[in-house]
$ cat target-v1.cif   # mmCIF, C-alpha atoms
data_target
#
loop_
_atom_site.group_PDB
_atom_site.id
_atom_site.type_symbol
_atom_site.label_atom_id
_atom_site.label_comp_id
_atom_site.auth_asym_id
_atom_site.auth_seq_id
_atom_site.Cartn_x
_atom_site.Cartn_y
_atom_site.Cartn_z
ATOM 1 C CA MET U 1 -72.631 135.010 51.384
ATOM 2 C CA VAL U 2 -69.065 135.802 50.443
ATOM 3 C CA ARG U 3 -66.969 137.641 53.010
ATOM 4 C CA GLY U 4 -64.908 140.665 52.041
ATOM 5 C CA THR U 5 -61.419 141.294 53.403
ATOM 6 C CA LEU U 6 -59.597 144.617 53.824
ATOM 7 C CA LEU U 7 -56.110 144.972 55.283
ATOM 8 C CA GLY U 8 -56.454 141.699 57.171
ATOM 9 C CA MET U 9 -59.923 142.539 58.540
ATOM 10 C CA THR U 10 -62.910 140.490 57.427
ATOM 11 C CA PHE U 11 -66.342 142.038 57.069
ATOM 12 C CA GLU U 12 -69.599 140.134 56.557
ATOM 13 C CA PRO U 13 -71.656 141.399 53.599
ATOM 14 C CA LEU U 14 -74.535 143.503 54.874
ATOM 15 C CA SER U 15 -78.278 143.080 54.601
ATOM 16 C CA ARG U 16 -80.012 145.579 52.337
ATOM 17 C CA HIS U 17 -81.695 147.326 55.296
ATOM 18 C CA SER U 18 -80.066 150.670 56.178
ATOM 19 C CA VAL U 19 -76.800 149.581 54.611
ATOM 20 C CA SER U 20 -75.162 153.001 54.938
ATOM 21 C CA ASP U 21 -75.925 152.943 58.698
ATOM 22 C CA GLN U 22 -74.300 149.529 59.001
ATOM 23 C CA VAL U 23 -71.223 150.560 57.011
ATOM 24 C CA PHE U 24 -70.951 153.703 59.121
ATOM 25 C CA GLY U 25 -71.224 151.741 62.375
ATOM 26 C CA ARG U 26 -68.638 149.146 61.458
ATOM 27 C CA LEU U 27 -66.111 151.660 60.146
ATOM 28 C CA ARG U 28 -66.710 153.931 63.156
ATOM 29 C CA ASP U 29 -66.048 151.038 65.539
ATOM 30 C CA ALA U 30 -62.936 149.999 63.604
ATOM 31 C CA ILE U 31 -61.560 153.551 63.858
ATOM 32 C CA VAL U 32 -62.442 154.164 67.528
ATOM 33 C CA SER U 33 -61.068 150.754 68.573
ATOM 34 C CA GLY U 34 -57.787 151.459 66.766
ATOM 35 C CA ARG U 35 -58.094 148.811 64.086
ATOM 36 C CA TYR U 36 -57.686 151.678 61.632
ATOM 37 C CA PRO U 37 -55.022 153.826 63.368
ATOM 38 C CA SER U 38 -54.811 157.591 63.112
ATOM 39 C CA GLY U 39 -52.959 158.640 59.978
ATOM 40 C CA ASP U 40 -53.886 155.556 57.977
ATOM 41 C CA SER U 41 -55.908 155.761 54.790
ATOM 42 C CA LEU U 42 -59.163 153.872 54.509
ATOM 43 C CA PRO U 43 -59.559 151.589 51.495
ATOM 44 C CA SER U 44 -61.032 153.168 48.375
ATOM 45 C CA GLU U 45 -64.775 153.478 47.870
ATOM 46 C CA ARG U 46 -64.614 150.641 45.353
ATOM 47 C CA GLU U 47 -62.780 148.358 47.776
ATOM 48 C CA LEU U 48 -65.169 149.194 50.608
ATOM 49 C CA ALA U 49 -68.192 148.598 48.378
ATOM 50 C CA THR U 50 -66.842 145.199 47.378
ATOM 51 C CA ALA U 51 -65.957 144.195 50.947
ATOM 52 C CA PHE U 52 -69.350 145.174 52.359
ATOM 53 C CA GLY U 53 -71.345 143.994 49.358
ATOM 54 C CA VAL U 54 -73.076 147.356 48.850
ATOM 55 C CA ASN U 55 -73.082 150.109 46.245
ATOM 56 C CA ARG U 56 -70.748 153.078 46.358
ATOM 57 C CA HIS U 57 -73.561 155.490 47.257
ATOM 58 C CA ALA U 58 -73.924 153.722 50.632
ATOM 59 C CA ILE U 59 -70.152 153.983 51.134
ATOM 60 C CA ARG U 60 -70.129 157.709 50.338
ATOM 61 C CA GLU U 61 -72.966 158.342 52.792
ATOM 62 C CA ALA U 62 -71.151 156.413 55.534
ATOM 63 C CA LEU U 63 -67.905 158.303 54.865
ATOM 64 C CA ARG U 64 -69.790 161.615 54.975
ATOM 65 C CA ARG U 65 -71.116 160.759 58.450
ATOM 66 C CA LEU U 66 -67.666 159.665 59.629
ATOM 67 C CA GLN U 67 -66.272 163.000 58.445
ATOM 68 C CA GLN U 68 -69.041 164.931 60.240
ATOM 69 C CA LEU U 69 -68.081 163.175 63.485
ATOM 70 C CA GLY U 70 -64.424 164.102 63.044
ATOM 71 C CA LEU U 71 -63.222 160.537 62.472
ATOM 72 C CA VAL U 72 -61.879 160.935 58.929
ATOM 73 C CA ARG U 73 -60.903 163.597 56.430
ATOM 74 C CA VAL U 74 -62.184 162.956 52.923
ATOM 75 C CA SER U 75 -60.030 164.500 50.199
ATOM 76 C CA GLN U 76 -61.669 165.280 46.866
ATOM 77 C CA GLY U 77 -60.433 162.608 44.489
ATOM 78 C CA GLY U 78 -57.871 161.407 47.036
ATOM 79 C CA ALA U 79 -57.505 159.211 50.071
ATOM 80 C CA THR U 80 -59.805 159.162 53.092
ATOM 81 C CA ARG U 81 -57.474 159.729 56.026
ATOM 82 C CA VAL U 82 -58.220 158.463 59.534
ATOM 83 C CA LEU U 83 -58.031 161.198 62.179
ATOM 84 C CA ASP U 84 -57.184 160.946 65.865
ATOM 85 C CA TRP U 85 -60.748 160.985 67.200
ATOM 86 C CA ARG U 86 -59.517 161.940 70.675
ATOM 87 C CA ALA U 87 -58.418 165.272 69.211
ATOM 88 C CA THR U 88 -61.070 165.856 66.532
ATOM 89 C CA ALA U 89 -64.381 164.248 67.594
ATOM 90 C CA GLY U 90 -67.073 165.789 69.765
ATOM 91 C CA LEU U 91 -69.838 164.677 72.086
ATOM 92 C CA ASP U 92 -71.897 163.419 69.142
ATOM 93 C CA LEU U 93 -69.489 160.493 68.814
ATOM 94 C CA ALA U 94 -70.272 159.285 72.328
ATOM 95 C CA MET U 95 -73.975 159.420 71.530
ATOM 96 C CA THR U 96 -73.499 157.088 68.529
ATOM 97 C CA LEU U 97 -71.477 154.527 70.511
ATOM 98 C CA ALA U 98 -74.326 153.427 72.777
ATOM 99 C CA GLY U 99 -74.780 150.107 70.998
ATOM 100 C CA SER U 100 -71.098 149.297 70.516
ATOM 101 C CA GLU U 101 -70.309 147.229 73.607
ATOM 102 C CA ASP U 102 -67.052 145.917 72.148
ATOM 103 C CA VAL U 103 -65.788 149.480 71.605
ATOM 104 C CA LEU U 104 -67.110 151.236 74.712
ATOM 105 C CA PRO U 105 -69.070 149.240 77.324
ATOM 106 C CA VAL U 106 -72.454 150.819 77.964
ATOM 107 C CA GLU U 107 -71.837 150.921 81.731
ATOM 108 C CA THR U 108 -68.683 152.967 81.151
ATOM 109 C CA LEU U 109 -70.538 155.266 78.776
ATOM 110 C CA ILE U 110 -73.366 155.810 81.289
ATOM 111 C CA ARG U 111 -70.835 156.575 84.022
ATOM 112 C CA ASP U 112 -68.997 159.062 81.809
ATOM 113 C CA VAL U 113 -72.200 160.818 80.737
ATOM 114 C CA LEU U 114 -73.383 161.135 84.343
ATOM 115 C CA GLU U 115 -69.990 162.496 85.442
ATOM 116 C CA MET U 116 -70.102 165.120 82.696
ATOM 117 C CA ARG U 117 -73.676 165.986 83.626
ATOM 118 C CA ALA U 118 -72.683 166.442 87.269
ATOM 119 C CA CYS U 119 -69.867 168.838 86.377
ATOM 120 C CA ILE U 120 -71.977 170.907 83.991
ATOM 121 C CA GLY U 121 -74.992 170.900 86.320
ATOM 122 C CA ALA U 122 -73.055 172.118 89.359
ATOM 123 C CA ASP U 123 -71.435 174.977 87.468
ATOM 124 C CA ALA U 124 -74.659 175.864 85.672
ATOM 125 C CA ALA U 125 -76.406 176.143 89.062
ATOM 126 C CA ARG U 126 -73.638 178.492 90.245
ATOM 127 C CA LEU U 127 -73.901 180.648 87.138
ATOM 128 C CA CYS U 128 -77.700 180.671 87.254
ATOM 129 C CA ALA U 129 -77.594 181.987 90.824
ATOM 130 C CA GLN U 130 -75.135 184.681 89.711
ATOM 131 C CA ARG U 131 -76.574 185.720 86.357
ATOM 132 C CA ALA U 132 -80.248 184.848 86.040
ATOM 133 C CA GLY U 133 -82.838 187.600 85.939
ATOM 134 C CA ASP U 134 -86.015 187.587 87.965
ATOM 135 C CA GLN U 135 -88.031 185.854 85.256
ATOM 136 C CA ALA U 136 -85.492 183.028 84.930
ATOM 137 C CA ARG U 137 -85.378 182.574 88.726
ATOM 138 C CA ARG U 138 -89.158 182.345 88.851
ATOM 139 C CA ALA U 139 -89.058 179.757 86.064
ATOM 140 C CA VAL U 140 -86.661 177.614 88.139
ATOM 141 C CA VAL U 141 -88.922 177.827 91.204
ATOM 142 C CA ALA U 142 -92.005 176.948 89.134
ATOM 143 C CA ALA U 143 -90.178 174.027 87.529
ATOM 144 C CA VAL U 144 -89.126 172.570 90.871
ATOM 145 C CA GLU U 145 -92.722 172.723 92.123
ATOM 146 C CA ALA U 146 -93.907 170.915 88.977
ATOM 147 C CA TYR U 147 -91.253 168.264 89.628
ATOM 148 C CA ALA U 148 -92.352 167.901 93.291
ATOM 149 C CA ALA U 149 -95.993 167.614 92.248
ATOM 150 C CA ALA U 150 -95.123 164.638 90.010
ATOM 151 C CA ALA U 151 -94.102 162.488 93.007
ATOM 152 C CA PRO U 152 -94.085 159.569 93.482
ATOM 153 C CA ASP U 153 -94.273 158.716 89.746
ATOM 154 C CA LEU U 154 -90.581 158.272 88.856
ATOM 155 C CA ALA U 155 -91.126 158.584 85.116
ATOM 156 C CA ALA U 156 -93.079 161.815 85.522
ATOM 157 C CA MET U 157 -90.534 163.107 88.033
ATOM 158 C CA GLY U 158 -87.748 162.340 85.579
ATOM 159 C CA ALA U 159 -89.420 164.367 82.839
ATOM 160 C CA ALA U 160 -90.071 167.272 85.213
ATOM 161 C CA ASP U 161 -86.499 167.071 86.499
ATOM 162 C CA ARG U 162 -85.154 167.432 82.960
ATOM 163 C CA ASP U 163 -87.304 170.531 82.514
ATOM 164 C CA LEU U 164 -85.984 171.953 85.780
ATOM 165 C CA TRP U 165 -82.386 171.502 84.674
ATOM 166 C CA ARG U 166 -83.142 173.099 81.325
ATOM 167 C CA ARG U 167 -84.422 176.170 83.197
ATOM 168 C CA ILE U 168 -81.286 176.228 85.333
ATOM 169 C CA ILE U 169 -78.967 175.915 82.341
ATOM 170 C CA GLU U 170 -80.892 178.535 80.391
ATOM 171 C CA GLY U 171 -80.589 180.806 83.421
ATOM 172 C CA SER U 172 -76.821 180.236 83.496
ATOM 173 C CA GLY U 173 -76.492 182.093 80.202
ATOM 174 C CA ASN U 174 -73.923 179.561 78.957
ATOM 175 C CA VAL U 175 -74.763 178.523 75.378
ATOM 176 C CA ALA U 176 -72.129 175.766 75.352
ATOM 177 C CA TYR U 177 -73.717 174.205 78.441
ATOM 178 C CA LEU U 178 -77.128 174.407 76.787
ATOM 179 C CA LEU U 179 -75.901 172.625 73.653
ATOM 180 C CA ALA U 180 -74.197 169.956 75.770
ATOM 181 C CA TYR U 181 -77.436 169.536 77.720
ATOM 182 C CA ASN U 182 -79.312 168.964 74.476
ATOM 183 C CA SER U 183 -76.878 166.182 73.588
ATOM 184 C CA LEU U 184 -77.070 164.658 77.060
ATOM 185 C CA THR U 185 -80.872 164.455 76.903
ATOM 186 C CA ALA U 186 -81.159 162.946 73.411
ATOM 187 C CA GLY U 187 -80.235 159.607 71.878
ATOM 188 C CA ASP U 188 -79.614 156.138 73.245
ATOM 189 C CA VAL U 189 -77.517 157.237 76.233
ATOM 190 C CA ALA U 190 -79.715 160.152 77.204
ATOM 191 C CA VAL U 191 -79.839 160.658 80.948
ATOM 192 C CA GLY U 192 -83.611 160.265 80.866
ATOM 193 C CA HIS U 193 -83.300 156.854 79.180
ATOM 194 C CA MET U 194 -80.914 155.386 81.751
ATOM 195 C CA PRO U 195 -82.152 152.663 84.093
ATOM 196 C CA LEU U 196 -84.108 154.365 86.875
ATOM 197 C CA PRO U 197 -82.219 152.505 89.648
ATOM 198 C CA ARG U 198 -79.157 154.580 88.685
ATOM 199 C CA ARG U 199 -81.049 157.802 89.519
ATOM 200 C CA THR U 200 -83.811 156.808 91.963
ATOM 201 C CA ALA U 201 -82.237 158.441 95.042
ATOM 202 C CA GLU U 202 -81.629 161.659 93.109
ATOM 203 C CA LEU U 203 -85.124 161.809 91.621
ATOM 204 C CA LEU U 204 -86.824 161.190 94.965
ATOM 205 C CA ASP U 205 -84.841 163.857 96.832
ATOM 206 C CA VAL U 206 -87.493 166.559 96.647
ATOM 207 C CA THR U 207 -85.953 168.470 99.560
ATOM 208 C CA ALA U 208 -82.597 168.872 97.818
ATOM 209 C CA HIS U 209 -84.264 170.008 94.602
ATOM 210 C CA ARG U 210 -86.280 172.629 96.479
ATOM 211 C CA ASN U 211 -83.180 173.786 98.351
ATOM 212 C CA LEU U 212 -81.360 174.156 95.047
ATOM 213 C CA ALA U 213 -84.148 176.278 93.563
ATOM 214 C CA ALA U 214 -84.331 178.422 96.708
ATOM 215 C CA LEU U 215 -80.579 179.054 96.664
ATOM 216 C CA ILE U 216 -80.716 180.046 92.999
ATOM 217 C CA ALA U 217 -83.666 182.360 93.674
ATOM 218 C CA ALA U 218 -81.700 183.946 96.545
ATOM 219 C CA GLY U 219 -78.589 184.419 94.391
ATOM 220 C CA ASP U 220 -76.447 182.129 96.569
ATOM 221 C CA ALA U 221 -74.022 180.872 93.918
ATOM 222 C CA GLU U 222 -71.747 178.949 96.273
ATOM 223 C CA GLY U 223 -74.638 177.224 97.998
ATOM 224 C CA ALA U 224 -76.368 176.362 94.713
ATOM 225 C CA GLU U 225 -73.192 174.807 93.336
ATOM 226 C CA ARG U 226 -72.663 172.768 96.501
ATOM 227 C CA VAL U 227 -76.218 171.386 96.578
ATOM 228 C CA ALA U 228 -76.207 170.650 92.845
ATOM 229 C CA ARG U 229 -72.896 168.799 93.061
ATOM 230 C CA THR U 230 -74.188 166.626 95.911
ATOM 231 C CA LEU U 231 -77.519 166.012 94.192
ATOM 232 C CA LEU U 232 -75.883 164.976 90.904
ATOM 233 C CA ALA U 233 -73.134 162.833 92.438
ATOM 234 C CA VAL U 234 -72.657 159.733 90.275
ATOM 235 C CA PRO U 235 -73.856 156.574 92.046
ATOM 236 C CA ALA U 236 -71.603 153.535 91.971
ATOM 237 C CA ALA U 237 -72.590 150.917 89.404
ATOM 238 C CA GLN U 238 -74.032 147.753 90.856
ATOM 239 C CA PRO U 239 -72.097 144.525 90.173
ATOM 240 C CA LYS U 240 -73.621 142.372 87.467
ATOM 241 C CA GLY U 241 -76.061 139.878 88.871
ATOM 242 C CA SER U 242 -76.822 141.870 92.009
ATOM 243 C CA ALA U 243 -80.389 142.635 92.935
ATOM 244 C CA ARG U 244 -81.833 145.934 91.704
ATOM 245 C CA PRO U 245 -83.873 148.076 94.073
#

$ encode --input "target-v1.cif" --output "structure tokens"
Amino acid sequence: MVRGTLLGMTFEPLSRHSVSDQVFGRLRDAIVSGRYPSGDSLPSERELATAFGVNRHAIREALRRLQQLGLVRVSQGGATRVLDWRATAGLDLAMTLAGSEDVLPVETLIRDVLEMRACIGADAARLCAQRAGDQARRAVVAAVEAYAAAAPDLAAMGAADRDLWRRIIEGSGNVAYLLAYNSLTAGDVAVGHMPLPRRTAELLDVTAHRNLAALIAAGDAEGAERVARTLLAVPAAQPKGSARP
């Protein structure tokens, strides 16, 4: 196969399987890693099609997805300009980077997602205790009992735990938190898909979960935030090669 070259970067021609996905992934990684700096123009559709060995329809689809993520701005009949993703991209970008170890190591991505989850979860617990109506409080208590009943099956506890947190976030009344939660529980870096050893202590702490639900039911915002923050504290990553529990 003949390699294509663009601005000093060499790309292998792609297989015919999901070619637009592959073009999207490679251009996304080139932009996020800085190989295409902010303010630069991407090569034309014709040049990209030649370099990747695909048709222009696949290129247009890939560029459309890059634009949806806030990585480029496509001008009608003009250049495709690279944007500063740190200023224009959203959480969806992080979700697509799960398989790009050379751009963002998966361990770093997991850590970052868990840190964000801890911040949102603690504040959502506070707001739920402050704002939730009686029905929402009862839903939290019922959800925590369903989670406790799933013990000691970690997989079942994980699913029940996600439902509990959905009830808490719904009770917080914060739509932005709810949308962020949806992103954090979907895709390749979803909290529920992370290696269980990263969350075993949290999932098995039935007492803390019940305390959290009781504090929310009692309207103790400060106490609910404190317990949630402790419960969701991000565990340190284990060194590579160390034994897993």

$ resolve_selection --input "target-v1.cif" --expression "the PyMOL selection byres ((chain U and resi 40) around 6)" --output "number ranges by chain"
U: 37-39, 41, 81-82

$ resolve_selection --input "target-v1.cif" --expression "the PyMOL selection byres ((chain U and resi 219-232) around 9)" --output "PyMOL selection string"
chain U and resi 114-115+117-119+121-132+199+201-202+205+208-209+211-218+233-235

$ atom_distance --input "target-v1.cif" --atom1 "CA of Ala159 in chain U" --atom2 "CA of Tyr147 in chain U"
8.0 Å

$ closest_residue --input "target-v1.cif" --among "U:Asp112, U:His57, U:Leu97, U:Arg86" --to "Arg26 in chain U" --atoms "all atoms listed in the file"
U:Leu97

$ closest_atom_pairs --input "target-v1.cif" --of "range 87-183 of chain U" --to "range 69-74 of chain U" --cutoff "9 Å" --atoms "all atoms listed in the file" --output "CSV"
residue,atom,partner,partner_atom,distance
U:Ala87,CA,U:Gly70,CA,8.7
U:Thr88,CA,U:Gly70,CA,5.1
U:Ala89,CA,U:Gly70,CA,4.6
U:Gly90,CA,U:Leu69,CA,6.9
U:Leu91,CA,U:Leu69,CA,8.9
U:Asp92,CA,U:Leu69,CA,6.8
U:Leu93,CA,U:Leu69,CA,6.1

$ resolve_selection --input "target-v1.cif" --expression "the PyMOL selection byres ((chain U and resi 32) around 9)" --output "list in words"
Leu27, Arg28, Asp29, Ala30, Ile31, Ser33, Gly34, Arg35, Tyr36, Pro37, Leu71, Asp84, Trp85, Arg86 and Val103 of chain U

$ write_last_selection --input "target-v1.cif" --atoms "C-alpha atoms" --output "CSV table (one decimal), keeping the file's coordinate frame"
chain,number,residue,atom,x,y,z
U,27,LEU,CA,-66.1,151.7,60.1
U,28,ARG,CA,-66.7,153.9,63.2
U,29,ASP,CA,-66.0,151.0,65.5
U,30,ALA,CA,-62.9,150.0,63.6
U,31,ILE,CA,-61.6,153.6,63.9
U,33,SER,CA,-61.1,150.8,68.6
U,34,GLY,CA,-57.8,151.5,66.8
U,35,ARG,CA,-58.1,148.8,64.1
U,36,TYR,CA,-57.7,151.7,61.6
U,37,PRO,CA,-55.0,153.8,63.4
U,71,LEU,CA,-63.2,160.5,62.5
U,84,ASP,CA,-57.2,160.9,65.9
U,85,TRP,CA,-60.7,161.0,67.2
U,86,ARG,CA,-59.5,161.9,70.7
U,103,VAL,CA,-65.8,149.5,71.6

$ closest_residue --input "target-v1.cif" --among "U:Val206, U:Arg138, U:Thr50, U:Thr108" --to "Ala150 in chain U" --atoms "all atoms listed in the file"
U:Val206
